[in-house]
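Asks: Structure file data.cif (mmCIF, C-alpha atoms) right here:
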data_work
#
loop_
_atom_site.group_PDB
_atom_site.id
_atom_site.type_symbol
_atom_site.label_atom_id
_atom_site.label_comp_id
_atom_site.auth_asym_id
_atom_site.auth_seq_id
_atom_site.Cartn_x
_atom_site.Cartn_y
_atom_site.Cartn_z
ATOM 1 C CA MET U 86 224.286 83.405 108.922
ATOM 2 C CA PRO U 87 227.421 82.727 110.954
ATOM 3 C CA LYS U 88 226.479 81.982 114.565
ATOM 4 C CA ILE U 89 228.362 81.111 117.687
ATOM 5 C CA GLY U 90 227.373 79.307 120.886
ATOM 6 C CA ASN U 91 229.224 78.457 124.061
ATOM 7 C CA ASP U 92 228.814 76.411 127.217
ATOM 8 C CA ILE U 93 230.715 76.054 130.461
ATOM 9 C CA VAL U 94 230.613 73.306 133.085
ATOM 10 C CA ASP U 95 231.937 73.811 136.598
ATOM 11 C CA LEU U 96 233.322 70.326 137.198
ATOM 12 C CA LYS U 97 233.268 70.551 140.980
ATOM 13 C CA LEU U 98 229.595 71.474 140.899
ATOM 14 C CA ALA U 99 228.840 68.868 138.227
ATOM 15 C CA LYS U 100 230.204 66.237 140.565
ATOM 16 C CA THR U 101 227.665 67.080 143.260
ATOM 17 C CA GLN U 102 224.791 68.278 141.055
ATOM 18 C CA SER U 103 224.577 65.260 138.747
ATOM 19 C CA ASN U 104 225.392 61.601 139.070
ATOM 20 C CA TRP U 105 226.431 60.541 135.587
ATOM 21 C CA GLN U 106 226.483 56.902 136.729
ATOM 22 C CA ARG U 107 222.810 57.008 137.575
ATOM 23 C CA HIS U 108 220.893 54.355 135.643
ATOM 24 C CA GLY U 109 219.582 55.914 132.441
ATOM 25 C CA PHE U 110 221.586 59.131 132.703
ATOM 26 C CA ILE U 111 224.004 58.544 129.840
ATOM 27 C CA GLU U 112 221.544 56.438 127.854
ATOM 28 C CA LYS U 113 219.097 59.354 127.582
ATOM 29 C CA GLN U 114 221.645 61.950 126.542
ATOM 30 C CA PHE U 115 224.299 60.250 124.521
ATOM 31 C CA THR U 116 224.297 58.211 121.329
ATOM 32 C CA GLU U 117 225.543 54.644 121.501
ATOM 33 C CA LYS U 118 228.818 55.669 119.937
ATOM 34 C CA GLU U 119 229.292 58.396 122.535
ATOM 35 C CA GLN U 120 228.380 56.034 125.368
ATOM 36 C CA GLN U 121 231.047 53.599 124.211
ATOM 37 C CA GLU U 122 233.590 56.378 124.011
ATOM 38 C CA ILE U 123 232.687 57.555 127.521
ATOM 39 C CA LEU U 124 232.897 54.102 129.042
ATOM 40 C CA ASN U 125 236.173 53.320 127.302
ATOM 41 C CA SER U 126 237.843 56.570 128.261
ATOM 42 C CA GLU U 127 240.368 56.871 131.056
ATOM 43 C CA ILE U 128 238.299 59.388 132.971
ATOM 44 C CA PRO U 129 234.659 58.844 131.979
ATOM 45 C CA PHE U 130 233.475 61.723 134.176
ATOM 46 C CA GLU U 131 235.487 64.221 132.123
ATOM 47 C CA LYS U 132 234.307 62.762 128.808
ATOM 48 C CA VAL U 133 230.674 63.041 129.931
ATOM 49 C CA TRP U 134 231.034 66.755 130.597
ATOM 50 C CA LEU U 135 233.178 67.450 127.551
ATOM 51 C CA PHE U 136 230.520 65.897 125.291
ATOM 52 C CA TRP U 137 227.775 67.634 127.228
ATOM 53 C CA SER U 138 229.388 71.073 126.780
ATOM 54 C CA MET U 139 229.875 70.353 123.048
ATOM 55 C CA LYS U 140 226.189 69.459 122.669
ATOM 56 C CA GLU U 141 225.036 72.487 124.644
ATOM 57 C CA ALA U 142 227.303 74.875 122.739
ATOM 58 C CA ALA U 143 226.021 73.496 119.413
ATOM 59 C CA TYR U 144 222.416 73.729 120.624
ATOM 60 C CA LYS U 145 222.927 77.358 121.664
ATOM 61 C CA CYS U 146 224.458 78.120 118.277
ATOM 62 C CA TYR U 147 221.579 76.414 116.470
ATOM 63 C CA THR U 148 218.658 77.867 118.448
ATOM 64 C CA GLN U 149 219.644 81.485 117.864
ATOM 65 C CA GLU U 150 217.896 81.179 114.527
ATOM 66 C CA GLN U 151 215.006 79.066 115.783
ATOM 67 C CA GLU U 152 211.680 80.015 117.264
ATOM 68 C CA LYS U 153 211.347 76.991 119.493
ATOM 69 C CA ARG U 154 213.409 75.516 122.302
ATOM 70 C CA PHE U 155 213.628 71.779 122.796
ATOM 71 C CA PHE U 156 215.533 69.169 124.778
ATOM 72 C CA ALA U 157 217.088 66.516 122.563
ATOM 73 C CA PRO U 158 220.708 66.044 123.625
ATOM 74 C CA GLN U 159 220.950 62.653 121.957
ATOM 75 C CA LYS U 160 220.277 64.177 118.550
ATOM 76 C CA PHE U 161 223.466 66.228 118.745
ATOM 77 C CA GLU U 162 226.254 63.798 118.004
ATOM 78 C CA CYS U 163 229.799 64.641 119.037
ATOM 79 C CA SER U 164 232.980 63.528 117.321
ATOM 80 C CA LEU U 165 236.390 64.505 118.559
ATOM 81 C CA LEU U 166 239.181 65.177 116.094
ATOM 82 C CA THR U 167 241.716 65.976 118.800
ATOM 83 C CA ASP U 168 241.365 66.283 122.593
ATOM 84 C CA ALA U 169 239.971 69.769 122.185
ATOM 85 C CA LYS U 170 238.663 70.062 118.626
ATOM 86 C CA GLY U 171 235.602 68.348 117.342
ATOM 87 C CA THR U 172 232.322 68.488 115.501
ATOM 88 C CA VAL U 173 228.700 68.115 116.473
ATOM 89 C CA PHE U 174 226.166 66.874 113.930
ATOM 90 C CA TYR U 175 222.549 67.805 114.250
ATOM 91 C CA ASN U 176 219.880 67.367 111.638
ATOM 92 C CA ASN U 177 222.258 67.487 108.639
ATOM 93 C CA GLN U 178 224.065 70.467 110.078
ATOM 94 C CA ILE U 179 227.589 70.515 111.308
ATOM 95 C CA PHE U 180 228.978 72.569 114.150
ATOM 96 C CA TYR U 181 232.692 73.026 114.731
ATOM 97 C CA THR U 182 233.752 72.954 118.346
ATOM 98 C CA GLN U 183 236.793 74.035 120.264
ATOM 99 C CA SER U 184 236.983 73.113 123.941
ATOM 100 C CA LYS U 185 239.212 74.187 126.767
ATOM 101 C CA PHE U 186 239.449 72.317 130.013
ATOM 102 C CA ASP U 187 241.396 71.811 133.174
ATOM 103 C CA ALA U 188 240.631 70.230 136.541
ATOM 104 C CA HIS U 189 238.001 72.877 137.332
ATOM 105 C CA PHE U 190 235.974 73.510 134.203
ATOM 106 C CA VAL U 191 235.170 72.543 130.611
ATOM 107 C CA HIS U 192 234.307 75.291 128.155
ATOM 108 C CA THR U 193 233.258 74.760 124.540
ATOM 109 C CA VAL U 194 232.673 77.203 121.706
ATOM 110 C CA ALA U 195 230.645 75.962 118.734
ATOM 111 C CA LYS U 196 230.359 77.662 115.350
ATOM 112 C CA ASN U 197 228.152 76.798 112.422
ATOM 113 C CA LYS U 198 230.780 77.747 109.842
ATOM 114 C CA LYS U 199 234.343 76.625 109.734
ATOM 115 C CA ALA U 200 235.339 79.690 107.756
ATOM 116 C CA PHE U 201 235.166 81.919 110.841
ATOM 117 C CA TYR U 202 238.713 80.943 111.505
ATOM 118 C CA ILE U 203 239.922 82.768 108.419
ATOM 119 C CA LYS U 204 237.394 85.599 108.076
ATOM 120 C CA PRO U 205 239.041 88.574 109.720
ATOM 121 C CA LYS U 206 236.041 90.898 109.536
ATOM 122 C CA ILE U 207 234.112 88.769 111.948
ATOM 123 C CA ASN U 208 235.179 89.506 115.469
ATOM 124 C CA MET U 209 234.837 86.993 118.161
ATOM 125 C CA TYR U 210 235.539 87.459 121.814
ATOM 126 C CA GLN U 211 235.594 85.064 124.632
ATOM 127 C CA GLY U 212 235.843 85.914 128.232
ATOM 128 C CA PHE U 213 235.730 84.103 131.510
ATOM 129 C CA GLY U 214 234.574 85.498 134.767
ATOM 130 C CA SER U 215 232.403 84.767 137.708
ATOM 131 C CA ALA U 216 228.785 84.209 136.732
ATOM 132 C CA ASN U 217 227.491 87.657 137.682
ATOM 133 C CA THR U 218 230.160 89.674 135.915
ATOM 134 C CA VAL U 219 229.676 88.241 132.432
ATOM 135 C CA ASP U 220 226.952 90.669 131.288
ATOM 136 C CA ALA U 221 228.922 93.673 132.543
ATOM 137 C CA GLU U 222 232.024 92.410 130.804
ATOM 138 C CA ILE U 223 230.220 92.116 127.471
ATOM 139 C CA GLU U 224 228.786 95.618 127.886
ATOM 140 C CA THR U 225 232.237 97.034 128.579
ATOM 141 C CA LYS U 226 233.722 95.279 125.537
ATOM 142 C CA LEU U 227 230.932 96.426 123.220
ATOM 143 C CA ALA U 228 231.047 99.997 124.513
ATOM 144 C CA ALA U 229 234.772 100.116 123.756
ATOM 145 C CA LEU U 230 234.403 98.511 120.314
ATOM 146 C CA TYR U 231 231.621 100.845 119.179
ATOM 147 C CA ASN U 232 232.862 103.835 121.123
ATOM 148 C CA LEU U 233 229.642 104.141 123.135
ATOM 149 C CA PRO U 234 228.952 105.000 126.765
ATOM 150 C CA LYS U 235 228.786 101.715 128.692
ATOM 151 C CA ASN U 236 225.451 102.468 130.345
ATOM 152 C CA LYS U 237 223.848 102.842 126.906
ATOM 153 C CA VAL U 238 224.588 99.245 125.907
ATOM 154 C CA GLU U 239 221.504 97.214 126.680
ATOM 155 C CA LYS U 240 220.891 93.485 126.875
ATOM 156 C CA ARG U 241 217.644 92.046 125.518
ATOM 157 C CA LYS U 242 216.495 88.492 125.106
ATOM 158 C CA THR U 243 214.829 86.814 122.161
ATOM 159 C CA LYS U 244 211.677 84.778 122.655
ATOM 160 C CA ASN U 245 213.654 81.629 123.207
ATOM 161 C CA GLY U 246 216.073 83.274 125.613
ATOM 162 C CA ALA U 247 219.080 84.057 123.407
ATOM 163 C CA PRO U 248 220.845 87.301 124.451
ATOM 164 C CA LYS U 249 221.225 90.259 122.107
ATOM 165 C CA PHE U 250 222.954 93.537 122.864
ATOM 166 C CA TYR U 251 221.649 96.869 121.575
ATOM 167 C CA TYR U 252 222.463 100.552 121.516
ATOM 168 C CA GLN U 253 219.031 102.157 121.181
ATOM 169 C CA ASN U 254 217.636 100.368 118.099
ATOM 170 C CA LYS U 255 220.963 99.275 116.725
ATOM 171 C CA LEU U 256 221.838 95.627 117.179
ATOM 172 C CA LEU U 257 225.488 95.377 118.259
ATOM 173 C CA THR U 258 225.925 91.594 118.237
ATOM 174 C CA SER U 259 225.139 89.489 115.170
ATOM 175 C CA SER U 260 225.442 86.451 117.400
ATOM 176 C CA CYS U 261 225.882 86.155 121.149
ATOM 177 C CA SER U 262 225.947 83.351 123.669
ATOM 178 C CA ILE U 263 226.292 83.519 127.453
ATOM 179 C CA THR U 264 226.852 80.606 129.781
ATOM 180 C CA HIS U 265 226.950 80.215 133.571
ATOM 181 C CA HIS U 266 227.541 77.272 135.792
ATOM 182 C CA GLY U 267 228.633 77.332 139.422
ATOM 183 C CA LYS U 268 231.601 79.637 139.832
ATOM 184 C CA TYR U 269 232.083 80.167 136.123
ATOM 185 C CA GLY U 270 230.667 82.310 133.401
ATOM 186 C CA ALA U 271 231.749 82.764 129.813
ATOM 187 C CA PHE U 272 230.588 84.407 126.632
ATOM 188 C CA ALA U 273 231.238 84.475 122.931
ATOM 189 C CA PHE U 274 229.907 87.035 120.465
ATOM 190 C CA MET U 275 230.361 88.391 116.984
ATOM 191 C CA LEU U 276 229.795 91.907 115.726
ATOM 192 C CA MET I 908 195.044 60.730 138.190
ATOM 193 C CA THR I 909 193.919 64.351 138.172
ATOM 194 C CA LYS I 910 196.017 67.129 136.711
ATOM 195 C CA GLU I 911 196.329 68.654 140.190
ATOM 196 C CA ALA I 912 197.641 65.395 141.646
ATOM 197 C CA ILE I 913 200.197 65.130 138.842
ATOM 198 C CA ILE I 914 201.366 68.707 139.437
ATOM 199 C CA THR I 915 201.733 68.031 143.179
ATOM 200 C CA LYS I 916 203.866 64.978 142.526
ATOM 201 C CA LEU I 917 205.889 66.792 139.853
ATOM 202 C CA THR I 918 206.524 69.713 142.241
ATOM 203 C CA THR I 919 208.198 67.329 144.708
ATOM 204 C CA ILE I 920 210.292 65.881 141.894
ATOM 205 C CA VAL I 921 211.642 69.208 140.597
ATOM 206 C CA LYS I 922 212.280 70.752 144.026
ATOM 207 C CA PRO I 923 215.855 69.456 144.568
ATOM 208 C CA TYR I 924 216.975 70.858 141.199
ATOM 209 C CA VAL I 925 215.489 74.349 141.547
ATOM 210 C CA GLN I 926 217.933 77.278 141.572
ATOM 211 C CA ASN I 927 215.354 80.037 141.700
ATOM 212 C CA GLU I 928 213.274 79.763 144.882
ATOM 213 C CA GLU I 929 211.066 82.693 143.933
ATOM 214 C CA GLY I 930 210.106 80.909 140.738
ATOM 215 C CA PHE I 931 209.426 77.734 142.709
ATOM 216 C CA LYS I 932 207.099 79.556 145.138
ATOM 217 C CA ASN I 933 205.061 80.740 142.166
ATOM 218 C CA LEU I 934 205.059 77.390 140.406
ATOM 219 C CA SER I 935 202.088 76.976 138.095
ATOM 220 C CA GLU I 936 201.216 75.209 134.887
ATOM 221 C CA GLU I 937 202.944 78.012 132.988
ATOM 222 C CA THR I 938 206.266 77.537 134.783
ATOM 223 C CA ASP I 939 209.276 76.904 132.545
ATOM 224 C CA PHE I 940 211.966 74.698 134.091
ATOM 225 C CA ILE I 941 214.907 76.630 132.703
ATOM 226 C CA ASN I 942 213.644 80.215 132.411
ATOM 227 C CA ASP I 943 211.605 80.341 135.642
ATOM 228 C CA LEU I 944 213.221 77.765 137.935
ATOM 229 C CA GLU I 945 216.753 78.126 136.502
ATOM 230 C CA ILE I 946 217.203 74.384 136.546
ATOM 231 C CA ASN I 947 220.504 73.332 135.032
ATOM 232 C CA SER I 948 219.923 71.669 131.678
ATOM 233 C CA ALA I 949 221.910 68.590 132.736
ATOM 234 C CA ASN I 950 219.404 68.141 135.578
ATOM 235 C CA LEU I 951 216.505 67.996 133.097
ATOM 236 C CA VAL I 952 217.593 64.417 132.504
ATOM 237 C CA ASP I 953 217.310 63.718 136.235
ATOM 238 C CA ILE I 954 213.784 65.124 136.233
ATOM 239 C CA ILE I 955 212.863 62.875 133.306
ATOM 240 C CA LEU I 956 214.326 59.819 135.048
ATOM 241 C CA ASP I 957 212.561 60.737 138.319
ATOM 242 C CA VAL I 958 209.261 61.172 136.456
ATOM 243 C CA GLU I 959 209.681 57.739 134.864
ATOM 244 C CA ASP I 960 210.226 56.175 138.298
ATOM 245 C CA ALA I 961 207.517 58.072 140.152
ATOM 246 C CA PHE I 962 204.775 57.490 137.586
ATOM 247 C CA ALA I 963 206.012 54.084 136.379
ATOM 248 C CA ILE I 964 206.076 55.230 132.750
ATOM 249 C CA GLU I 965 208.644 55.286 129.986
ATOM 250 C CA ILE I 966 209.468 58.562 128.311
ATOM 251 C CA ASP I 967 210.630 58.254 124.718
ATOM 252 C CA ASN I 968 212.950 60.763 123.066
ATOM 253 C CA GLU I 969 210.168 62.459 121.175
ATOM 254 C CA SER I 970 208.295 63.248 124.403
ATOM 255 C CA MET I 971 211.463 64.217 126.229
ATOM 256 C CA GLU I 972 212.117 66.864 123.592
ATOM 257 C CA LYS I 973 209.088 68.842 124.776
ATOM 258 C CA MET I 974 209.587 68.540 128.525
ATOM 259 C CA LEU I 975 210.714 72.089 129.250
ATOM 260 C CA SER I 976 207.662 73.263 131.178
ATOM 261 C CA VAL I 977 205.192 72.032 133.784
ATOM 262 C CA LYS I 978 202.372 72.137 131.247
ATOM 263 C CA ALA I 979 204.170 70.033 128.622
ATOM 264 C CA THR I 980 205.389 67.569 131.242
ATOM 265 C CA VAL I 981 201.917 67.103 132.738
ATOM 266 C CA ALA I 982 200.475 66.489 129.260
ATOM 267 C CA ILE I 983 203.110 63.825 128.557
ATOM 268 C CA ILE I 984 202.565 62.113 131.921
ATOM 269 C CA GLN I 985 198.795 62.047 131.335
ATOM 270 C CA GLU I 986 199.255 60.642 127.841
ATOM 271 C CA LYS I 987 201.608 57.884 129.080
ATOM 272 C CA ILE I 988 199.464 56.951 132.100
ATOM 273 C CA ASN I 989 196.408 56.612 129.908
ATOM 274 C CA ALA I 990 198.197 54.741 127.151
#
Represent the structure from my file as structure tokens, please.
Replies:
Amino acid sequence: MPKIGNDIVDLKLAKTQSNWQRHGFIEKQFTEKEQQEILNSEIPFEKVWLFWSMKEAAYKCYTQEQEKRFFAPQKFECSLLTDAKGTVFYNNQIFYTQSKFDAHFVHTVAKNKKAFYIKPKINMYQGFGSANTVDAEIETKLAALYNLPKNKVEKRKTKNGAPKFYYQNKLLTSSCSITHHGKYGAFAFML
Amino acid sequence: MTKEAIITKLTTIVKPYVQNEEGFKNLSEETDFINDLEINSANLVDIILDVEDAFAIEIDNESMEKMLSVKATVAIIQEKINA
């Protein structure tokens, strides 16, 4: 099944919330190859959070079909093809990532199938907003797409916390991912 | 070390990373770091590093994978202390 995941990092908050230079911090989360790439990059801080958002987006894509959550960032290996495009390998699976960043945030979308790019019947939306407006924004978009009253679109969560949007018993999103960090929120979904 | 003593020490460790104070007030063995305390996933690594320092143990990747709740973390700490 085609799935999509996304993750956002508020860089200003990341600076105060985590110290990437702390002993053990990168060793626990990144593969040796990634660590080298981080340390050799011009701005290691940005590389840390770019890789982190790629791993998180891939994890959120992957776990939508899983029963169990887990914390194994090192097992998701990032490779960049360009500054913004890359792949994440996990357990013989490949996730295709597209990141967007500026001085304030890094945002990555991960998909488990490359073909999404050319399949027009799959709709994908991405939005940015402050953390607390993301749910409302998705509801508004879905209500418009399905021609439903907005207050009838309802968010539910799977056992492992993945969001799903419903109208009564009808599932409206075949895949959905929501992310918040600091000032930022973002989402990606497919019908 | 008793389970209660481990939980007390662990509570002090997680406190600075907690985003949901209500969840922290009700902290129990069943508490989930992300769902109940809204701890940022990048800070899970800090918790793991703090646990290693505080209990003088080493946490391997396989154990780290499970450390999403108080219960799982306590079990891993006990296992490593007694190893």
Asks: How many Å lie between atom CA of Pro923 of chain I and atom CA of Ala142 of chain U, rounded to one decimal?
Replies: 25.2 Å
Asks: Find the nearest atom pair between each residue of chain I and chain U for residues within 12 Å, count all atoms listed in the file, give distances in Å to one decimal, sort rows by chain and ascending number, and present the table as a tab-separated table.
Replies:
residue	atom	partner	partner_atom	distance
I:Pro923	CA	U:Gln102	CA	9.7
I:Tyr924	CA	U:Gln102	CA	8.2
I:Val925	CA	U:Gln102	CA	11.1
I:Gln926	CA	U:Gly267	CA	10.9
I:Asp939	CA	U:Arg154	CA	11.1
I:Phe940	CA	U:Phe156	CA	11.4
I:Ile941	CA	U:Gly246	CA	9.8
I:Asn942	CA	U:Gly246	CA	7.8
I:Asp943	CA	U:Gly246	CA	11.4
I:Glu945	CA	U:His265	CA	10.8
I:Ile946	CA	U:Gln102	CA	10.7
I:Asn947	CA	U:His266	CA	8.1
I:Ser948	CA	U:Phe156	CA	8.6
I:Ala949	CA	U:Ser103	CA	7.4
I:Asn950	CA	U:Ser103	CA	6.7
I:Leu951	CA	U:Phe156	CA	8.5
I:Val952	CA	U:Phe110	CA	6.6
I:Asp953	CA	U:Phe110	CA	7.2
I:Ile954	CA	U:Phe110	CA	10.5
I:Ile955	CA	U:Lys113	CA	9.2
I:Leu956	CA	U:Gly109	CA	7.0
I:Asp957	CA	U:Gly109	CA	10.3
I:Glu959	CA	U:Gly109	CA	10.4
I:Asp960	CA	U:Gly109	CA	11.0
I:Glu965	CA	U:Gly109	CA	11.2
I:Ile966	CA	U:Lys113	CA	9.7
I:Asp967	CA	U:Lys113	CA	9.0
I:Asn968	CA	U:Ala157	CA	7.1
I:Glu969	CA	U:Ala157	CA	8.1
I:Ser970	CA	U:Phe156	CA	9.4
I:Met971	CA	U:Phe156	CA	6.6
I:Glu972	CA	U:Phe156	CA	4.3
I:Lys973	CA	U:Phe155	CA	5.8
I:Met974	CA	U:Phe156	CA	7.1
I:Leu975	CA	U:Phe155	CA	7.1
I:Ser976	CA	U:Phe155	CA	10.4
I:Ala979	CA	U:Phe155	CA	11.2
Asks: With all atoms listed in the file as the atoms that count, which of I:Met908, I:Ala961, I:Ala982, I:Leu934 lies nearest to Ile920 of chain I?
Replies: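 Nearest to Ile920 of chain I: I:Ala961.
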Asks: Neighbouring residues of Leu230 of chain U were defined as those with any atom within 12 Å, considering all atoms listed in the file; residues of the same chain fewer than 3 positions away were excluded. Please report them as a list in words.
Replies: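 Everything that qualifies: Asn208, Met209, Tyr210, Ile223, Glu224, Thr225, Lys226, Leu227, Leu233, Pro234, Lys235, Val238, Leu257, Thr258, Met275 and Leu276 of chain U.
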Asks: Would you mind reading off the distance between atom CA of Lys170 of chain U and atom CA of Ser259 of chain U, one decimal, in Å?
Replies: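 Taking atom CA of Lys170 of chain U and atom CA of Ser259 of chain U, their separation equals 23.9 Å.
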Asks: Can you sort out the box for segment 952-957 of chain I, edges along x, y and z, all listed atoms in, 5 Å on every side, with centre and edge lengths in Å to one decimal, as lines of an AutoDock Vina configuration file?
Replies:
center_x = 215.1
center_y = 62.5
center_z = 135.4
size_x = 15.0
size_y = 15.3
size_z = 15.8
Asks: Run the PyMOL selection byres ((chain U and resi 248) around 9) against the file shown and list the residues it catches, as a list in words.
Replies: Gln149, Lys240, Arg241, Lys242, Thr243, Gly246, Ala247, Lys249, Phe250, Ser260, Cys261, Ser262 and Ile263 of chain U
Asks: Just the selected residues (C-alpha atoms), exported as an mmCIF file, in the coordinates of the input, please.
Replies:
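After the write, part.cif holds the following:
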data_model
loop_
_atom_site.group_PDB
_atom_site.id
_atom_site.type_symbol
_atom_site.label_atom_id
_atom_site.label_comp_id
_atom_site.auth_asym_id
_atom_site.auth_seq_id
_atom_site.Cartn_x
_atom_site.Cartn_y
_atom_site.Cartn_z
ATOM 1 C CA GLN U 149 219.644 81.485 117.864
ATOM 2 C CA LYS U 240 220.891 93.485 126.875
ATOM 3 C CA ARG U 241 217.644 92.046 125.518
ATOM 4 C CA LYS U 242 216.495 88.492 125.106
ATOM 5 C CA THR U 243 214.829 86.814 122.161
ATOM 6 C CA GLY U 246 216.073 83.274 125.613
ATOM 7 C CA ALA U 247 219.080 84.057 123.407
ATOM 8 C CA LYS U 249 221.225 90.259 122.107
ATOM 9 C CA PHE U 250 222.954 93.537 122.864
ATOM 10 C CA SER U 260 225.442 86.451 117.400
ATOM 11 C CA CYS U 261 225.882 86.155 121.149
ATOM 12 C CA SER U 262 225.947 83.351 123.669
ATOM 13 C CA ILE U 263 226.292 83.519 127.453
#
Asks: Pick from U:Asp187, U:Asp168, U:Glu222, U:Glu239: nearest to Asp95 of chain U, with all atoms listed in the file counted?
Replies: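 Comparing U:Asp187, U:Asp168, U:Glu222, U:Glu239 against Asp95 of chain U, the winner is U:Asp187.
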Asks: By how many Å are atom CA of Phe136 of chain U and atom CA of Phe274 of chain U apart?
Replies: 21.7 Å
Asks: Given the file shown, determine the residues that the PyMOL selection byres ((chain U and resi 130) around 10) selects; report them as an MDAnalysis selection string.
Replies: chainID U and resid 96 99:100 104:106 123:124 126:129 131:135
Asks: With all atoms listed in the file as the counted atoms, please give the residues lying no more than 8 Å from segment 194-196 of chain U, apart from itself and same-chain residues fewer than 6 positions off, as a list in words.
Replies: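 Near segment 194-196 of chain U, the qualifying residues are Pro87, Lys88, Ile89, Gly90, Asn91, Asp92, Met139, Ala142, Ala143, Cys146, Phe180, Tyr181, Thr182, Gln183, Ser184 and Ala273 of chain U.
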Asks: Find the residues near Val977 of chain I: any atom within 7 Å, counting only C-alpha atoms, skip ones fewer than 2 places away on the same chain, and give them as a list in words.
Replies: Glu936, Glu937, Thr938, Asp939, Ala979, Thr980 and Val981 of chain I
Asks: Would you mind exporting the chosen residues as a PDB file, in the frame of the given file, restricted to C-alpha atoms?
Replies:
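Full text of result-v4.pdb as output:
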ATOM      1  CA  GLU I 936     201.216  75.209 134.887  1.00  0.00           C
ATOM      2  CA  GLU I 937     202.944  78.012 132.988  1.00  0.00           C
ATOM      3  CA  THR I 938     206.266  77.537 134.783  1.00  0.00           C
ATOM      4  CA  ASP I 939     209.276  76.904 132.545  1.00  0.00           C
ATOM      5  CA  ALA I 979     204.170  70.033 128.622  1.00  0.00           C
ATOM      6  CA  THR I 980     205.389  67.569 131.242  1.00  0.00           C
ATOM      7  CA  VAL I 981     201.917  67.103 132.738  1.00  0.00           C
TER       8      VAL I 981
END
